[in-house]
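Structure, as structure tokens:
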Amino acid sequence: MDPAVLFFFEKDPAALPLYEAFERAGRELGPDVGIKVQKTQITYTNPKVFSAVSLRPARRKAERPEHFITVTLGLNRREGSPRVDQASEPYPGRWTHHLVIGSVEEIDDELMAWVREAYDFAAAKR
């Protein structure tokens, strides 16, 4: 495991297995997937940023799991699923979605289809 990732999850090591499952699935998107650990998030690029993982609480404390990661995606549309905790349109045709993930089972085909859509949307901006 990358020491930078271990340091990132130092405040909540119980969330690390969630990230590891997401990273495994994210690497399957293509050989050009880059992962960069930053201070507040871990970004996924192709080379444009298409997704990020953070410990940002995108849901009220009473409504979120004790240990979680927040997956952020950039799509060209608003996804109306109840799984989306927050969505905003920072500029026309670009929607940012935040999803709180509290179990490995939530890193499923539906989530990864949205990540693939974000990957393709970012790749089209080259």
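Within each chain, counting starts at residue 1; across the structure tokens, chains are named A, B, ... in the order shown, with ligands numbered 1 upward in that order.
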
Closest atom pairs, stretch 55-121 of chain A residues within 10 Å of stretch 17-35 of chain A, only C-alpha atoms, as JSON lines:
{"residue": "A:His67", "atom": "CA", "partner": "A:Leu18", "partner_atom": "CA", "distance": 8.9}
{"residue": "A:Phe68", "atom": "CA", "partner": "A:Leu18", "partner_atom": "CA", "distance": 7.2}
{"residue": "A:Ile69", "atom": "CA", "partner": "A:Leu18", "partner_atom": "CA", "distance": 6.9}
{"residue": "A:Thr70", "atom": "CA", "partner": "A:Tyr19", "partner_atom": "CA", "distance": 9.5}
{"residue": "A:Val71", "atom": "CA", "partner": "A:Phe22", "partner_atom": "CA", "distance": 9.0}
{"residue": "A:Ile101", "atom": "CA", "partner": "A:Leu18", "partner_atom": "CA", "distance": 7.6}
{"residue": "A:Gly102", "atom": "CA", "partner": "A:Leu18", "partner_atom": "CA", "distance": 7.4}
{"residue": "A:Ser103", "atom": "CA", "partner": "A:Leu18", "partner_atom": "CA", "distance": 6.5}
{"residue": "A:Val104", "atom": "CA", "partner": "A:Leu18", "partner_atom": "CA", "distance": 5.5}
{"residue": "A:Glu105", "atom": "CA", "partner": "A:Leu18", "partner_atom": "CA", "distance": 9.2}
{"residue": "A:Glu106", "atom": "CA", "partner": "A:Leu18", "partner_atom": "CA", "distance": 9.1}
{"residue": "A:Ile107", "atom": "CA", "partner": "A:Phe22", "partner_atom": "CA", "distance": 6.4}
{"residue": "A:Asp108", "atom": "CA", "partner": "A:Ala25", "partner_atom": "CA", "distance": 9.0}
{"residue": "A:Asp109", "atom": "CA", "partner": "A:Ala25", "partner_atom": "CA", "distance": 9.7}
{"residue": "A:Leu111", "atom": "CA", "partner": "A:Phe22", "partner_atom": "CA", "distance": 9.7}
{"residue": "A:Met112", "atom": "CA", "partner": "A:Ala25", "partner_atom": "CA", "distance": 7.4}
{"residue": "A:Val115", "atom": "CA", "partner": "A:Gly26", "partner_atom": "CA", "distance": 7.8}
{"residue": "A:Arg116", "atom": "CA", "partner": "A:Leu29", "partner_atom": "CA", "distance": 6.7}
{"residue": "A:Tyr119", "atom": "CA", "partner": "A:Leu29", "partner_atom": "CA", "distance": 7.8}
{"residue": "A:Asp120", "atom": "CA", "partner": "A:Leu29", "partner_atom": "CA", "distance": 9.6}

Checklist entry - Using the chain letters and numbers from this document, which residues of stretch 8-86 of chain A does DSSP assign to strand (DSSP E or B), as a VMD selection string? => result chain A and resid 34 to 37 41 to 45 49 to 54 69 to 75 86

Next on the checklist: From a backbone DSSP assignment, name each residue in chain A labelled alpha helix (DSSP H), as a PyMOL selection string.
Outcome noted: chain A and resi 3-8+16-27+109-123

Keeping N, CA and C atoms for every residue in the selection just given, could you write it to a file as a CSV table (one decimal), in the first residue's frame?
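The file below, result-v7.csv, is the result:
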chain,number,residue,atom,x,y,z
A,3,PRO,N,2.4,4.6,0.9
A,3,PRO,CA,2.4,5.3,2.2
A,3,PRO,C,1.6,6.5,2.3
A,4,ALA,N,1.5,7.2,1.1
A,4,ALA,CA,0.7,8.5,1.1
A,4,ALA,C,-0.8,8.1,1.3
A,5,VAL,N,-1.3,7.0,0.8
A,5,VAL,CA,-2.7,6.6,1.1
A,5,VAL,C,-2.9,6.2,2.5
A,6,LEU,N,-1.9,5.5,3.1
A,6,LEU,CA,-2.0,5.2,4.5
A,6,LEU,C,-2.1,6.4,5.4
A,7,PHE,N,-1.2,7.4,5.0
A,7,PHE,CA,-1.2,8.7,5.8
A,7,PHE,C,-2.6,9.4,5.6
A,8,PHE,N,-3.1,9.4,4.4
A,8,PHE,CA,-4.4,10.0,4.1
A,8,PHE,C,-5.5,9.4,5.0
A,16,LEU,N,-10.3,2.7,5.2
A,16,LEU,CA,-9.3,2.2,4.2
A,16,LEU,C,-9.8,1.1,3.3
A,17,PRO,N,-10.4,0.0,3.8
A,17,PRO,CA,-10.9,-1.1,3.0
A,17,PRO,C,-11.9,-0.6,1.9
A,18,LEU,N,-12.7,0.4,2.2
A,18,LEU,CA,-13.6,1.0,1.3
A,18,LEU,C,-12.8,1.6,0.1
A,19,TYR,N,-11.8,2.4,0.5
A,19,TYR,CA,-11.0,3.0,-0.6
A,19,TYR,C,-10.3,1.9,-1.4
A,20,GLU,N,-9.7,0.9,-0.8
A,20,GLU,CA,-9.0,-0.2,-1.5
A,20,GLU,C,-9.9,-0.8,-2.5
A,21,ALA,N,-11.2,-1.1,-2.2
A,21,ALA,CA,-12.1,-1.7,-3.1
A,21,ALA,C,-12.4,-0.7,-4.2
A,22,PHE,N,-12.6,0.6,-3.9
A,22,PHE,CA,-12.8,1.5,-5.0
A,22,PHE,C,-11.6,1.7,-5.9
A,23,GLU,N,-10.4,1.7,-5.3
A,23,GLU,CA,-9.2,1.8,-6.2
A,23,GLU,C,-9.1,0.6,-7.1
A,24,ARG,N,-9.3,-0.6,-6.6
A,24,ARG,CA,-9.3,-1.8,-7.5
A,24,ARG,C,-10.2,-1.7,-8.7
A,25,ALA,N,-11.5,-1.3,-8.4
A,25,ALA,CA,-12.4,-1.1,-9.4
A,25,ALA,C,-12.1,0.0,-10.4
A,26,GLY,N,-11.6,1.1,-9.8
A,26,GLY,CA,-11.2,2.3,-10.6
A,26,GLY,C,-10.0,2.0,-11.6
A,27,ARG,N,-9.1,1.2,-11.2
A,27,ARG,CA,-7.9,0.9,-12.0
A,27,ARG,C,-8.4,0.1,-13.3
A,109,ASP,N,-21.9,-2.4,-9.5
A,109,ASP,CA,-21.9,-2.1,-10.9
A,109,ASP,C,-22.6,-0.7,-11.2
A,110,GLU,N,-23.6,-0.3,-10.4
A,110,GLU,CA,-24.2,1.0,-10.7
A,110,GLU,C,-23.2,2.1,-10.4
A,111,LEU,N,-22.6,2.1,-9.3
A,111,LEU,CA,-21.6,3.1,-9.0
A,111,LEU,C,-20.5,3.2,-10.0
A,112,MET,N,-20.0,2.0,-10.4
A,112,MET,CA,-18.9,2.0,-11.3
A,112,MET,C,-19.3,2.4,-12.7
A,113,ALA,N,-20.6,2.2,-13.1
A,113,ALA,CA,-21.1,2.7,-14.3
A,113,ALA,C,-21.1,4.2,-14.3
A,114,TRP,N,-21.4,4.9,-13.2
A,114,TRP,CA,-21.3,6.3,-13.1
A,114,TRP,C,-19.8,6.8,-13.2
A,115,VAL,N,-18.9,6.0,-12.6
A,115,VAL,CA,-17.5,6.4,-12.6
A,115,VAL,C,-17.0,6.2,-14.1
A,116,ARG,N,-17.5,5.2,-14.8
A,116,ARG,CA,-17.1,5.0,-16.2
A,116,ARG,C,-17.6,6.2,-17.0
A,117,GLU,N,-18.8,6.6,-16.7
A,117,GLU,CA,-19.4,7.7,-17.4
A,117,GLU,C,-18.6,9.0,-17.2
A,118,ALA,N,-18.2,9.2,-15.9
A,118,ALA,CA,-17.3,10.4,-15.6
A,118,ALA,C,-16.0,10.3,-16.3
A,119,TYR,N,-15.4,9.1,-16.3
A,119,TYR,CA,-14.2,8.8,-17.0
A,119,TYR,C,-14.3,9.2,-18.5
A,120,ASP,N,-15.4,8.7,-19.2
A,120,ASP,CA,-15.6,9.0,-20.6
A,120,ASP,C,-15.8,10.5,-20.8
A,121,PHE,N,-16.6,11.1,-19.9
A,121,PHE,CA,-16.9,12.6,-20.0
A,121,PHE,C,-15.6,13.4,-19.9
A,122,ALA,N,-14.7,13.0,-19.0
A,122,ALA,CA,-13.4,13.7,-18.8
A,122,ALA,C,-12.5,13.5,-20.0
A,123,ALA,N,-12.5,12.3,-20.5
A,123,ALA,CA,-11.7,11.9,-21.7
A,123,ALA,C,-12.1,12.7,-22.9

Next on the checklist: Quick check, in Å to one decimal: how far apart do atom CA of A:Lys125 and atom CA of A:Lys48 lie?
Outcome noted: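 A separation of 7.8 Å between them.
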
Item to check | Within 12 Å of A:Ser81 using only C-alpha atoms, minus same-chain residues under 3 positions, as a list in words | outcome: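 Near A:Ser81, the qualifying residues are Arg78, Val84, Asp85, Gln86, Ala87, His97, His98, Leu99, Glu110, Leu111 and Trp114 of chain A.
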
Checklist entry - When distances are computed from only C-alpha atoms, which of A:Ala124, A:Thr40, A:Pro47, A:Ser54 shows the smallest separation from A:Leu73? => result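 Distance minimum relative to A:Leu73 lands on A:Ser54.
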
Checklist entry - Between atom CA of A:Glu66 and atom CA of A:Lys39, what is the spacing in Å? => result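 For atom CA of A:Lys39 relative to atom CA of A:Glu66, the distance reads 21.4 Å.
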
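Atom CA of A:Thr96 lies 8.9 Å from atom CA of A:Arg77.
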
Closest contacts (stretch 27-81 of chain A/stretch 88-94 of chain A, max 8 Å, only C-alpha atoms) as a tab-separated table:
residue	atom	partner	partner_atom	distance
A:Gly74	CA	A:Arg94	CA	6.6
A:Leu75	CA	A:Arg94	CA	5.9
A:Asn76	CA	A:Arg94	CA	4.8
A:Arg77	CA	A:Gly93	CA	6.5

Given the selection you just returned, output its residues as a file containing all heavy atoms, formatted as an mmCIF file, in the first residue's frame.
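Contents of the output file selection.cif:
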data_model
loop_
_atom_site.group_PDB
_atom_site.id
_atom_site.type_symbol
_atom_site.label_atom_id
_atom_site.label_comp_id
_atom_site.auth_asym_id
_atom_site.auth_seq_id
_atom_site.Cartn_x
_atom_site.Cartn_y
_atom_site.Cartn_z
ATOM 1 N N GLY A 74 -17.744 13.784 -11.852
ATOM 2 C CA GLY A 74 -18.157 14.849 -12.755
ATOM 3 C C GLY A 74 -18.881 14.250 -13.948
ATOM 4 O O GLY A 74 -18.314 13.452 -14.684
ATOM 5 N N LEU A 75 -20.162 14.590 -14.114
ATOM 6 C CA LEU A 75 -20.961 14.083 -15.226
ATOM 7 C C LEU A 75 -21.515 15.234 -16.052
ATOM 8 O O LEU A 75 -21.568 16.371 -15.579
ATOM 9 C CB LEU A 75 -22.132 13.232 -14.708
ATOM 10 C CG LEU A 75 -21.793 12.019 -13.845
ATOM 11 C CD1 LEU A 75 -23.068 11.361 -13.325
ATOM 12 C CD2 LEU A 75 -20.950 11.025 -14.624
ATOM 13 N N ASN A 76 -21.964 14.939 -17.254
ATOM 14 C CA ASN A 76 -22.546 15.984 -18.107
ATOM 15 C C ASN A 76 -24.046 16.129 -17.879
ATOM 16 O O ASN A 76 -24.732 16.820 -18.627
ATOM 17 C CB ASN A 76 -22.267 15.687 -19.582
ATOM 18 C CG ASN A 76 -22.949 14.427 -20.068
ATOM 19 O OD1 ASN A 76 -23.471 13.643 -19.283
ATOM 20 N ND2 ASN A 76 -22.937 14.224 -21.368
ATOM 21 N N ARG A 77 -24.543 15.485 -16.842
ATOM 22 C CA ARG A 77 -25.973 15.514 -16.521
ATOM 23 C C ARG A 77 -26.140 15.317 -15.018
ATOM 24 O O ARG A 77 -25.211 14.893 -14.343
ATOM 25 C CB ARG A 77 -26.697 14.380 -17.250
ATOM 26 C CG ARG A 77 -26.195 13.024 -16.779
ATOM 27 C CD ARG A 77 -26.875 11.841 -17.457
ATOM 28 N NE ARG A 77 -26.320 10.603 -16.950
ATOM 29 C CZ ARG A 77 -26.661 10.026 -15.804
ATOM 30 N NH1 ARG A 77 -27.577 10.585 -15.025
ATOM 31 N NH2 ARG A 77 -26.118 8.891 -15.421
#

Item to check | Shell around A:Gln41 at 9 Å using only C-alpha atoms, local window under 5 positions removed, as an MDAnalysis selection string | outcome: chainID A and resid 8 36 52:56
